[in-house]
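> File name coords_36.tsv; file contents TSV, C-alpha atoms; full text below.
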```tsv
chain	number	residue	atom	x	y	z
A	1	MET	CA	123.23	96.55	83.07
A	2	VAL	CA	122.54	93.89	80.46
A	3	GLU	CA	122.09	95.39	76.99
A	4	GLY	CA	118.48	95.48	75.89
A	5	LEU	CA	117.01	95.36	79.42
A	6	HIS	CA	115.39	98.38	81.01
A	7	ARG	CA	116.67	99.79	84.29
A	8	VAL	CA	114.00	99.65	87.00
A	9	VAL	CA	113.56	102.16	89.82
A	10	VAL	CA	111.41	102.60	92.92
A	11	THR	CA	109.18	105.68	92.96
A	12	GLY	CA	106.56	104.94	95.63
A	13	LEU	CA	106.11	103.03	98.87
A	14	GLY	CA	103.13	101.90	100.96
A	15	ALA	CA	102.98	100.07	104.28
A	16	VAL	CA	100.39	98.75	106.72
A	17	THR	CA	102.25	97.07	109.57
A	18	PRO	CA	102.05	96.15	113.26
A	19	ILE	CA	104.22	99.18	114.09
A	20	GLY	CA	102.60	101.75	111.82
A	21	ASN	CA	99.92	102.05	109.15
A	22	THR	CA	101.81	104.49	106.92
A	23	VAL	CA	105.34	104.47	105.54
A	24	PHE	CA	106.23	107.39	107.81
A	25	ASP	CA	105.01	105.62	110.96
A	26	TYR	CA	106.52	102.30	109.89
A	27	TRP	CA	109.95	103.85	109.42
A	28	LYS	CA	109.63	105.73	112.71
A	29	GLY	CA	108.89	102.41	114.38
A	30	LEU	CA	111.83	100.63	112.74
A	31	SER	CA	114.30	103.41	113.46
A	32	THR	CA	113.29	103.71	117.12
A	33	ALA	CA	113.08	99.96	117.81
A	34	GLN	CA	109.35	99.80	118.45
A	35	ASN	CA	107.81	96.45	119.27
A	36	GLY	CA	104.56	95.45	117.59
A	37	VAL	CA	103.94	92.23	119.54
A	38	GLN	CA	101.01	92.23	121.98
A	39	PRO	CA	98.33	89.87	123.32
A	40	ILE	CA	95.87	88.77	120.64
A	41	THR	CA	92.71	90.89	120.37
A	42	LEU	CA	91.31	89.64	117.05
A	43	PHE	CA	89.80	86.54	118.67
A	44	ASP	CA	89.69	84.71	121.98
A	45	SER	CA	92.92	82.69	122.23
A	46	THR	CA	92.12	81.21	125.64
A	47	HIS	CA	92.23	77.62	124.42
A	48	HIS	CA	95.36	78.09	122.31
A	49	SER	CA	98.91	77.48	123.45
A	50	CYS	CA	100.00	80.89	122.09
A	51	HIS	CA	98.26	84.09	123.19
A	52	PHE	CA	100.15	86.85	121.37
A	53	ALA	CA	100.83	88.12	117.86
A	54	ALA	CA	101.86	91.24	115.94
A	55	GLU	CA	98.49	92.68	114.94
A	56	VAL	CA	97.85	95.73	112.79
A	57	LYS	CA	96.32	98.32	115.11
A	58	GLU	CA	93.78	101.10	114.52
A	59	PHE	CA	93.36	100.16	110.88
A	60	ASP	CA	90.64	102.00	108.94
A	61	ILE	CA	89.83	101.16	105.33
A	62	THR	CA	86.88	103.54	105.10
A	63	SER	CA	89.19	106.25	103.75
A	64	ILE	CA	89.10	104.45	100.38
A	65	LEU	CA	86.09	102.14	100.64
A	66	GLU	CA	82.57	102.34	102.02
A	67	LEU	CA	82.07	100.33	105.19
A	68	LYS	CA	79.40	98.05	103.69
A	69	ASP	CA	81.74	97.10	100.84
A	70	SER	CA	84.78	96.66	103.06
A	71	LYS	CA	82.96	94.04	105.12
A	72	ARG	CA	82.91	91.81	102.05
A	73	TRP	CA	86.71	91.95	101.70
A	74	ASP	CA	88.99	89.64	103.61
A	75	ARG	CA	91.39	91.50	105.89
A	76	PHE	CA	94.46	90.65	103.79
A	77	CYS	CA	92.81	92.30	100.77
A	78	GLN	CA	92.06	95.40	102.80
A	79	PHE	CA	95.69	95.70	103.88
A	80	GLY	CA	96.99	95.13	100.38
A	81	VAL	CA	94.74	97.64	98.64
A	82	VAL	CA	95.38	100.36	101.23
A	83	ALA	CA	99.16	99.86	100.98
A	84	ALA	CA	98.95	99.85	97.16
A	85	ARG	CA	96.97	103.09	97.19
A	86	GLN	CA	99.54	104.63	99.53
A	87	ALA	CA	102.34	103.63	97.16
A	88	VAL	CA	100.57	105.08	94.13
A	89	ASN	CA	99.92	108.34	95.98
A	90	ASP	CA	103.53	108.44	97.16
A	91	ALA	CA	104.68	108.05	93.55
A	92	HIS	CA	102.30	110.82	92.40
A	93	LEU	CA	101.19	108.35	89.76
A	94	ILE	CA	98.03	109.16	87.82
A	95	ILE	CA	96.34	106.14	86.24
A	96	ASN	CA	93.89	106.78	83.42
A	97	GLU	CA	92.72	105.20	80.18
A	98	SER	CA	95.74	106.48	78.30
A	99	ASN	CA	98.26	104.54	80.41
A	100	ALA	CA	96.25	101.89	82.31
A	101	SER	CA	97.23	99.03	80.00
A	102	ARG	CA	100.92	99.69	80.73
A	103	ILE	CA	100.48	99.66	84.52
A	104	GLY	CA	100.33	96.27	86.22
A	105	ILE	CA	99.92	94.68	89.64
A	106	ALA	CA	101.91	91.86	91.25
A	107	ILE	CA	101.07	90.94	94.84
A	108	GLY	CA	102.05	87.88	96.83
A	109	SER	CA	100.17	86.18	99.67
A	110	GLY	CA	101.07	82.98	101.41
A	111	VAL	CA	97.62	81.84	102.55
A	112	GLY	CA	95.13	84.33	101.10
A	113	GLY	CA	91.71	84.75	102.71
A	114	LEU	CA	92.11	82.33	105.58
A	115	LEU	CA	89.81	84.35	107.85
A	116	MET	CA	87.05	84.25	105.25
A	117	MET	CA	87.46	80.50	104.90
A	118	GLU	CA	87.34	79.89	108.65
A	119	THR	CA	84.28	82.04	109.25
A	120	GLN	CA	82.38	80.50	106.34
A	121	VAL	CA	83.20	76.95	107.44
A	122	GLN	CA	81.65	77.90	110.77
A	123	VAL	CA	78.58	79.25	108.96
A	124	LEU	CA	78.36	76.03	106.94
A	125	ASN	CA	78.53	73.85	110.04
A	126	GLU	CA	76.18	75.91	112.19
A	127	ARG	CA	73.65	77.35	109.71
A	128	GLY	CA	73.87	75.14	106.63
A	129	PRO	CA	75.18	75.44	103.06
A	130	GLU	CA	72.52	77.91	101.91
A	131	ARG	CA	73.84	80.53	104.33
A	132	VAL	CA	77.44	80.48	103.06
A	133	SER	CA	78.39	83.87	101.63
A	134	PRO	CA	78.61	84.26	97.84
A	135	PHE	CA	81.81	86.18	98.55
A	136	CYS	CA	83.39	83.16	100.23
A	137	VAL	CA	85.36	81.81	97.26
A	138	PRO	CA	86.30	85.16	95.65
A	139	MET	CA	87.63	86.52	98.94
A	140	MET	CA	89.36	83.30	99.93
A	141	ILE	CA	91.63	82.91	96.91
A	142	PRO	CA	95.10	84.51	97.25
A	143	ASN	CA	94.96	86.35	93.91
A	144	MET	CA	91.97	88.47	94.94
A	145	VAL	CA	94.19	91.11	96.55
A	146	THR	CA	95.79	91.63	93.14
A	147	GLY	CA	92.38	91.76	91.48
A	148	LEU	CA	90.93	94.23	93.97
A	149	ALA	CA	94.01	96.45	93.76
A	150	ALA	CA	93.67	96.51	89.97
A	151	ILE	CA	89.94	97.29	90.18
A	152	THR	CA	90.42	100.01	92.79
A	153	LEU	CA	93.34	101.67	91.02
A	154	GLY	CA	92.26	101.05	87.43
A	155	ALA	CA	95.45	99.22	86.44
A	156	LYS	CA	94.89	97.09	83.32
A	157	GLY	CA	98.41	95.84	82.60
A	158	PRO	CA	99.97	92.53	83.69
A	159	SER	CA	98.18	91.17	86.76
A	160	ILE	CA	99.91	88.37	88.63
A	161	SER	CA	99.79	86.76	92.05
A	162	THR	CA	102.41	84.65	93.76
A	163	SER	CA	101.78	82.17	96.54
A	164	THR	CA	105.21	80.89	97.53
A	165	ALA	CA	104.57	80.88	101.28
A	166	CYS	CA	106.80	83.36	103.11
A	167	ALA	CA	108.69	84.24	99.92
A	168	ALA	CA	105.52	85.34	98.10
A	169	GLY	CA	105.91	89.09	98.51
A	170	SER	CA	109.53	89.05	97.38
A	171	ASN	CA	108.72	86.80	94.42
A	172	ALA	CA	106.01	89.25	93.38
A	173	ILE	CA	108.47	92.15	93.49
A	174	GLY	CA	111.07	90.13	91.59
A	175	ASP	CA	108.60	89.06	88.93
A	176	ALA	CA	107.41	92.64	88.54
A	177	PHE	CA	111.03	93.71	88.13
A	178	ARG	CA	111.48	91.16	85.34
A	179	LEU	CA	108.38	92.32	83.47
A	180	LEU	CA	109.64	95.89	83.56
A	181	GLN	CA	113.14	94.92	82.49
A	182	LEU	CA	111.66	93.18	79.46
A	183	GLY	CA	109.46	96.12	78.57
A	184	LYS	CA	106.17	94.29	79.19
A	185	ALA	CA	104.94	97.22	81.32
A	186	ASP	CA	105.98	100.75	82.23
A	187	VAL	CA	104.88	100.58	85.89
A	188	MET	CA	104.24	97.72	88.31
A	189	ILE	CA	102.62	98.09	91.72
A	190	CYS	CA	103.95	95.15	93.70
A	191	GLY	CA	104.54	93.64	97.12
A	192	GLY	CA	102.94	91.29	99.62
A	193	ALA	CA	99.86	91.16	101.86
A	194	GLU	CA	98.78	88.78	104.60
A	195	SER	CA	96.34	88.45	107.47
A	196	ALA	CA	96.69	85.04	109.04
A	197	ILE	CA	96.22	85.79	112.74
A	198	THR	CA	93.29	83.40	112.93
A	199	PRO	CA	92.38	80.49	115.19
A	200	LEU	CA	93.27	77.88	112.56
A	201	ALA	CA	96.60	79.40	111.56
A	202	LEU	CA	97.65	79.93	115.16
A	203	ALA	CA	96.77	76.33	116.03
A	204	GLY	CA	98.46	74.95	112.93
A	205	PHE	CA	101.76	76.80	113.40
A	206	ALA	CA	101.78	75.94	117.10
A	207	SER	CA	101.18	72.28	116.29
A	208	ALA	CA	104.15	72.42	113.90
A	209	LYS	CA	106.29	73.76	116.78
A	210	ALA	CA	107.04	76.87	114.71
A	211	LEU	CA	105.65	79.52	117.08
A	212	SER	CA	107.25	81.02	120.14
A	213	LEU	CA	105.15	80.26	123.21
A	214	ARG	CA	106.73	82.93	125.41
A	215	ASN	CA	103.35	83.91	126.87
A	216	ASP	CA	104.92	85.27	130.05
A	217	ASN	CA	106.81	87.92	128.05
A	218	PRO	CA	105.38	88.37	124.54
A	219	SER	CA	107.37	91.51	123.75
A	220	ALA	CA	110.58	89.45	124.06
A	221	ALA	CA	109.33	86.53	121.95
A	222	SER	CA	110.57	87.61	118.51
A	223	ARG	CA	114.34	87.49	118.93
A	224	PRO	CA	116.00	86.50	115.64
A	225	PHE	CA	119.52	85.05	115.84
A	226	ASP	CA	119.48	85.19	119.64
A	227	ALA	CA	120.58	82.04	121.47
A	228	GLU	CA	117.29	81.93	123.41
A	229	ARG	CA	114.98	82.15	120.39
A	230	ASN	CA	112.27	79.50	120.33
A	231	GLY	CA	109.98	80.27	117.39
A	232	PHE	CA	108.44	83.04	115.33
A	233	VAL	CA	105.66	85.48	116.19
A	234	ILE	CA	102.90	85.65	113.59
A	235	GLY	CA	102.17	89.10	112.18
A	236	GLU	CA	99.96	90.72	109.55
A	237	GLY	CA	99.98	93.64	107.15
A	238	ALA	CA	101.16	94.64	103.69
A	239	GLY	CA	104.05	96.38	101.98
A	240	MET	CA	103.92	97.77	98.43
A	241	LEU	CA	106.31	99.35	95.95
A	242	VAL	CA	105.75	101.29	92.76
A	243	LEU	CA	108.39	100.12	90.29
A	244	GLU	CA	108.94	101.88	86.97
A	245	THR	CA	111.32	101.70	84.09
A	246	PHE	CA	113.91	104.40	84.54
A	247	GLU	CA	112.87	106.01	81.26
A	248	HIS	CA	109.22	106.23	82.32
A	249	ALA	CA	110.09	107.66	85.73
A	250	LYS	CA	112.46	110.19	84.22
A	251	ASN	CA	109.97	111.28	81.58
A	252	ARG	CA	107.34	112.09	84.19
A	253	ASP	CA	109.91	113.66	86.54
A	254	ALA	CA	109.16	111.15	89.30
A	255	ASN	CA	111.00	111.12	92.62
A	256	ILE	CA	113.32	108.11	92.38
A	257	MET	CA	114.07	106.53	95.77
A	258	ALA	CA	116.28	103.64	94.74
A	259	GLU	CA	117.01	101.23	91.92
A	260	ILE	CA	116.22	97.53	92.00
A	261	VAL	CA	119.11	95.77	90.31
A	262	GLY	CA	118.99	92.07	91.19
A	263	TYR	CA	116.60	89.17	91.71
A	264	GLY	CA	117.55	85.63	92.62
A	265	THR	CA	115.08	82.82	93.24
A	266	THR	CA	115.66	79.09	93.86
A	267	CYS	CA	114.04	76.04	95.40
A	268	ASP	CA	115.68	73.68	97.89
A	269	ALA	CA	113.70	70.65	96.66
A	270	TYR	CA	114.45	69.21	100.07
A	271	HIS	CA	111.58	69.32	102.62
A	272	ILE	CA	108.09	70.79	102.98
A	273	THR	CA	109.06	73.08	105.89
A	274	SER	CA	112.76	72.78	106.72
A	275	PRO	CA	115.42	74.57	104.67
A	276	ALA	CA	118.21	72.58	103.05
A	277	PRO	CA	121.25	72.04	105.29
A	278	GLU	CA	123.73	74.90	105.47
A	279	GLY	CA	121.35	77.18	103.62
A	280	ILE	CA	122.46	75.95	100.20
A	281	GLY	CA	119.36	77.21	98.38
A	282	GLY	CA	119.39	80.56	100.13
A	283	ALA	CA	123.06	81.06	99.31
A	284	LYS	CA	122.34	80.32	95.65
A	285	ALA	CA	119.52	82.88	95.59
A	286	ILE	CA	121.83	85.54	97.05
A	287	LYS	CA	124.52	84.75	94.47
A	288	LEU	CA	121.97	84.88	91.66
A	289	ALA	CA	120.76	88.30	92.82
A	290	LEU	CA	124.33	89.59	92.91
A	291	ASN	CA	125.08	88.18	89.46
A	292	ASP	CA	121.84	89.61	88.12
A	293	GLY	CA	122.83	93.06	89.33
A	294	GLN	CA	126.45	92.63	88.23
A	295	LEU	CA	127.48	93.17	91.86
A	296	LEU	CA	130.44	91.88	93.81
A	297	ALA	CA	129.91	90.40	97.26
A	298	GLU	CA	132.18	93.13	98.64
A	299	GLU	CA	129.78	95.82	97.40
A	300	VAL	CA	126.92	94.73	99.69
A	301	ASP	CA	126.45	97.17	102.58
A	302	TYR	CA	123.46	95.69	104.42
A	303	ILE	CA	121.19	92.65	104.44
A	304	ASN	CA	117.63	92.67	105.70
A	305	ALA	CA	117.47	89.04	106.75
A	306	HIS	CA	114.53	86.67	106.60
A	307	GLY	CA	115.40	86.18	110.28
A	308	THR	CA	112.27	84.49	111.62
A	309	SER	CA	113.47	83.71	115.18
A	310	THR	CA	113.26	79.96	114.65
A	311	ILE	CA	116.24	77.80	115.52
A	312	ILE	CA	116.66	76.27	112.06
A	313	ASN	CA	115.96	79.31	109.86
A	314	ASP	CA	118.34	81.69	111.60
A	315	ARG	CA	121.15	79.16	111.72
A	316	ASN	CA	120.73	78.21	108.07
A	317	GLU	CA	120.35	81.79	106.89
A	318	THR	CA	123.56	82.75	108.66
A	319	ALA	CA	125.30	79.88	106.85
A	320	ALA	CA	123.76	80.99	103.54
A	321	ILE	CA	124.99	84.56	103.93
A	322	LYS	CA	128.50	83.39	104.81
A	323	SER	CA	128.53	80.99	101.87
A	324	ALA	CA	127.39	83.69	99.44
A	325	LEU	CA	129.52	86.58	100.69
A	326	GLY	CA	132.55	84.84	102.15
A	327	ARG	CA	134.59	86.91	104.63
A	328	HIS	CA	132.61	90.02	103.69
A	329	ALA	CA	129.64	88.57	105.59
A	330	TYR	CA	131.45	89.42	108.83
A	331	GLU	CA	132.00	93.03	107.78
A	332	ILE	CA	128.40	94.18	107.17
A	333	PRO	CA	125.25	94.58	109.27
A	334	VAL	CA	122.55	91.91	108.99
A	335	SER	CA	119.32	92.72	110.81
A	336	SER	CA	115.86	91.23	111.11
A	337	THR	CA	112.99	93.68	111.26
A	338	LYS	CA	110.73	90.72	112.13
A	339	SER	CA	111.98	91.28	115.66
A	340	MET	CA	109.67	94.32	115.64
A	341	THR	CA	106.90	93.39	113.18
A	342	GLY	CA	106.62	89.67	113.71
A	343	HIS	CA	106.46	87.39	110.67
A	344	LEU	CA	103.93	88.51	108.05
A	345	LEU	CA	104.36	85.27	106.06
A	346	GLY	CA	103.66	86.22	102.42
A	347	GLY	CA	103.50	89.89	103.37
A	348	SER	CA	106.97	89.96	104.90
A	349	GLY	CA	108.86	90.43	101.63
A	350	GLY	CA	106.79	93.53	100.91
A	351	ILE	CA	107.41	95.39	104.15
A	352	GLU	CA	111.04	94.27	104.25
A	353	ALA	CA	111.71	95.60	100.76
A	354	VAL	CA	110.22	98.89	101.96
A	355	ALA	CA	112.59	98.72	104.96
A	356	CYS	CA	115.60	98.20	102.68
A	357	ILE	CA	114.71	101.17	100.50
A	358	LEU	CA	114.15	103.42	103.51
A	359	ALA	CA	117.43	102.25	105.04
A	360	ILE	CA	119.22	103.29	101.84
A	361	LYS	CA	117.33	106.59	101.73
A	362	HIS	CA	118.10	107.52	105.33
A	363	ASN	CA	121.50	105.79	105.65
A	364	LEU	CA	120.20	104.08	108.76
A	365	VAL	CA	120.19	100.33	109.49
A	366	PRO	CA	117.16	99.10	111.49
A	367	PRO	CA	118.05	96.97	114.50
A	368	THR	CA	117.33	93.42	115.58
A	369	ILE	CA	115.60	93.96	118.91
A	370	ASN	CA	115.55	91.46	121.80
A	371	TYR	CA	119.06	90.36	120.88
A	372	GLU	CA	120.82	89.48	124.14
A	373	SER	CA	122.79	86.24	123.87
A	374	GLN	CA	124.99	85.10	120.99
A	375	ASP	CA	124.38	81.74	119.38
A	376	PRO	CA	127.72	80.25	118.29
A	377	ASP	CA	126.07	79.23	115.00
A	378	CYS	CA	124.86	82.79	114.40
A	379	ASP	CA	128.02	84.85	114.48
A	380	LEU	CA	127.38	87.84	112.23
A	381	ASP	CA	126.69	91.49	113.11
A	382	TYR	CA	122.94	91.56	113.78
A	383	VAL	CA	122.70	95.24	114.79
A	384	PRO	CA	121.48	94.51	118.31
A	385	ASN	CA	118.67	96.60	119.77
A	386	GLN	CA	119.52	100.01	118.33
A	387	ALA	CA	119.48	101.46	114.81
A	388	ARG	CA	122.85	102.36	113.33
A	389	GLU	CA	123.85	105.21	111.06
A	390	LEU	CA	125.77	103.90	108.07
A	391	LYS	CA	126.24	105.04	104.50
A	392	LEU	CA	124.39	102.51	102.34
A	393	ASN	CA	124.67	101.95	98.62
A	394	ILE	CA	123.66	98.29	98.16
A	395	ALA	CA	121.09	96.47	100.32
A	396	LEU	CA	119.76	92.92	99.99
A	397	SER	CA	116.43	91.54	101.20
A	398	ASN	CA	116.12	87.80	101.86
A	399	SER	CA	112.86	85.84	101.96
A	400	PHE	CA	112.55	82.07	102.41
A	401	GLY	CA	109.37	80.00	102.51
A	402	PHE	CA	107.84	76.61	103.25
A	403	GLY	CA	108.25	74.36	100.24
A	404	GLY	CA	111.90	75.38	99.91
A	405	HIS	CA	111.36	78.76	98.22
A	406	ASN	CA	114.29	81.19	98.40
A	407	VAL	CA	114.36	84.78	97.15
A	408	CYS	CA	116.89	87.59	97.31
A	409	LEU	CA	116.31	91.12	96.04
A	410	ALA	CA	119.09	93.69	95.53
A	411	PHE	CA	118.49	97.43	95.81
A	412	ARG	CA	120.92	100.24	95.07
A	413	GLN	CA	121.18	103.91	95.97
A	414	MET	CA	120.21	105.98	92.95
A	415	ALA	CA	123.18	108.05	91.82
```
Have the structure of the file written as structure tokens, please.

Amino acid sequence: MVEGLHRVVVTGLGAVTPIGNTVFDYWKGLSTAQNGVQPITLFDSTHHSCHFAAEVKEFDITSILELKDSKRWDRFCQFGVVAARQAVNDAHLIINESNASRIGIAIGSGVGGLLMMETQVQVLNERGPERVSPFCVPMMIPNMVTGLAAITLGAKGPSISTSTACAAGSNAIGDAFRLLQLGKADVMICGGAESAITPLALAGFASAKALSLRNDNPSAASRPFDAERNGFVIGEGAGMLVLETFEHAKNRDANIMAEIVGYGTTCDAYHITSPAPEGIGGAKAIKLALNDGQLLAEEVDYINAHGTSTIINDRNETAAIKSALGRHAYEIPVSSTKSMTGHLLGGSGGIEAVACILAIKHNLVPPTINYESQDPDCDLDYVPNQARELKLNIALSNSFGFGGHNVCLAFRQMA
């Protein structure tokens, strides 16, 4: 621990995911290898090349918001606020006027209110400019999930939003960690939220050759690190953490789940979508996270990989892990929970941080499902198809995004 910096701990979790809309159900899904990929129901995908996704199912926001108000919120905001409320409740955190200015929000989203934008463009084209909703712009911008979470919870401290593509959720958690270390807040509610299963997003990712088109067997489509992988499966949802300074958590006798000890973030400065060769930027982010937490490579027990199920990402991430950890990379489990949840884009870092913390808590490594055939370029232990009991002290969470963004977060068992 660097002198003068506060220790930061995790005291609450929230999750809305394709395999469960609470932390309990999400962990049950991860630990029992549930598959959240199904045919698309949110819209008619008949004319698309891809007909499946990892949708959030049976979601109900009316527990915290009246139906008439919820209809004004884009779906990504709904997910984010519900997950944030779950995390606050899990932390038994009471927010009032006496502490509100020391409690902040940091939430990442890769694309923001894409559904709102698409529906209002349709209104503009079919019914004219005067019929466009006054909520169009507020609900379209990515920072609105942070704003609505702050309004709903009454948090008046630092309020930030990150939009670093698929690294957005992890960047938000890392930035929140930094603010707490520096004493700029006592509590930060942070994570990622996304809802991009829309006609435009599906068409755009398919056009970029990023999606799996395994329409004959959707449940087998998300298969990170497998030799037969052919693209990612788009997902949606949100994952949130309550982070606190150790002193604040201790003073209020909070239940401490884990400690966040390291944050590394870099940019490839290489290509708009492809990672730098051999995962150079990702490796640097991992090393920075280890250095930040004063950790040795040999102390890492588990890595929750970015693991998107694309040819390039999985190969480059494997190279990045080997570059950062050396021979130790071959001695630890590396799994991708995207095999079960699909890829939540900016929301992925949130739910995967939750997965890391729960893995540490339960000493159980979630599997990579659909793993059947080894790719010679992906030669690590990917925990195929079944969760594994293992004593965990240090876990890393990787997130990489379009634009060359790389993030690694390091979590530690609380002694």
> Give me the residues near segment 242-248 of chain A as a list in words, where near means some atom within 6 Å (using only C-alpha atoms) and where sequence neighbours in that chain fewer than 4 positions away do not count.
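What passes the distance filter is Arg7, Val8, Val9, Val10, Thr11, Gly12, Asp186, Val187, Met188 and Ile189 of chain A.
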> Could the centre and edge lengths of an axis-aligned box, enclosing all atoms of segment 102-120 of chain A in the file with 4 Å extra on each side, be given in Å to one decimal as lines of an AutoDock Vina configuration file?

```
center_x = 92.2
center_y = 89.8
center_z = 95.0
size_x = 27.7
size_y = 27.8
size_z = 36.5
```
> One decimal, in Å: what's the spacing between atom CA of Leu13 of chain A and atom CA of Val81 of chain A?
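For atom CA of Leu13 of chain A relative to atom CA of Val81 of chain A, the distance reads 12.6 Å.
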> Find, counting all atoms listed in the file, the residue in A:Asp379, A:Glu97, A:Glu299, A:Asp292 that gets nearest to Ile260 of chain A.
A:Asp292
> So which residues touch segment 321-331 of chain A within 7 Å, counting all atoms listed in the file, skipping near sequence neighbours fewer than 5 positions away, as a ChimeraX atom specification?
/A:283,286-287,297-298,380-381
> So how far away is atom CA of Ala254 of chain A from atom CA of Leu182 of chain A, in Å?
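Distance reported for this atom pair: 20.6 Å.
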> Looking at A:Val23, A:Ile272, A:Ile311, A:Ile234, which one is nearest to Ala355 of chain A, with distances taken over only C-alpha atoms?
A:Val23
> How many Å lie between atom CA of Gly401 of chain A and atom CA of Arg388 of chain A, rounded to one decimal?
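Atom-to-atom, atom CA of Gly401 of chain A to atom CA of Arg388 of chain A, that is 28.3 Å.
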> Rank A:Ala155, A:Ala168, A:Ala203, A:Ala410 by their smallest atom-to-atom distance to Ile360 of chain A, using all atoms listed in the file, and report the top residue only.
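Of all the options, A:Ala410 lies closest to Ile360 of chain A.
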> Between A:Ala206, A:Leu344, A:Ala100, A:Ile369, which residue has the minimum interatomic distance to Gly29 of chain A, considering only C-alpha atoms?
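The shortest atom-to-atom distance to Gly29 of chain A comes from A:Ile369.
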> Within 12 Å of (92.0, 96.2, 89.6), all atoms listed in the file: residues as JSON, numbers by chain?
{"A": [77, 80, 81, 84, 85, 95, 100, 101, 103, 104, 105, 106, 107, 143, 144, 145, 146, 147, 148, 149, 150, 151, 152, 153, 154, 155, 156, 157, 158, 159, 160, 189]}
> Would you mind telling me which residue in A:Arg412, A:Pro367, A:Phe205, A:Ala249 lies nearest to Gln294 of chain A when using all atoms listed in the file?
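Going through A:Arg412, A:Pro367, A:Phe205, A:Ala249 one by one, the smallest distance to Gln294 of chain A is for A:Arg412.
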> For a cut-off of 12 Å around (119.5, 106.1, 96.6), file coordinates, pick out all residues using all atoms listed in the file and list them as a list of chain:residue names.
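The residues near that point, listed by chain and number, are A:Val9, A:Val10, A:Thr11, A:Asn255, A:Ile256, A:Met257, A:Ala258, A:Glu259, A:Ile260, A:Cys356, A:Ile357, A:Leu358, A:Ala359, A:Ile360, A:Lys361, A:His362, A:Asn363, A:Lys391, A:Leu392, A:Asn393, A:Ile394, A:Ala395, A:Phe411, A:Arg412, A:Gln413, A:Met414, A:Ala415.
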> Neighbouring residues of Ile61 of chain A were defined as those with any atom within 8 Å, considering only C-alpha atoms; residues of the same chain fewer than 5 positions away were excluded. Please report them as a VMD selection string.
chain A and resid 67 70 78 82
> Considering only C-alpha atoms, return as a short mmCIF file (atom, residue, chain, number, x, y, z; two decimals) with C-alpha atoms, in the coordinates of the input whatever protein or nucleic-acid residues lie within 10 Å of segment 39-43 of chain A, sequence-local ones (same chain, fewer than 4 positions apart) excluded.

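Wrote it out as result-v7.cif, contents follow:
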```cif
data_model
loop_
_atom_site.label_atom_id
_atom_site.label_comp_id
_atom_site.auth_asym_id
_atom_site.auth_seq_id
_atom_site.Cartn_x
_atom_site.Cartn_y
_atom_site.Cartn_z
CA CYS A 50 100.00 80.89 122.09
CA HIS A 51 98.26 84.09 123.19
CA PHE A 52 100.15 86.85 121.37
CA ALA A 53 100.83 88.12 117.86
CA ALA A 54 101.86 91.24 115.94
CA GLU A 55 98.49 92.68 114.94
CA VAL A 56 97.85 95.73 112.79
CA LYS A 57 96.32 98.32 115.11
CA ILE A 197 96.22 85.79 112.74
CA THR A 198 93.29 83.40 112.93
CA PRO A 199 92.38 80.49 115.19
CA ASN A 215 103.35 83.91 126.87
CA ASN A 217 106.81 87.92 128.05
CA PRO A 218 105.38 88.37 124.54
CA SER A 219 107.37 91.51 123.75
#
```
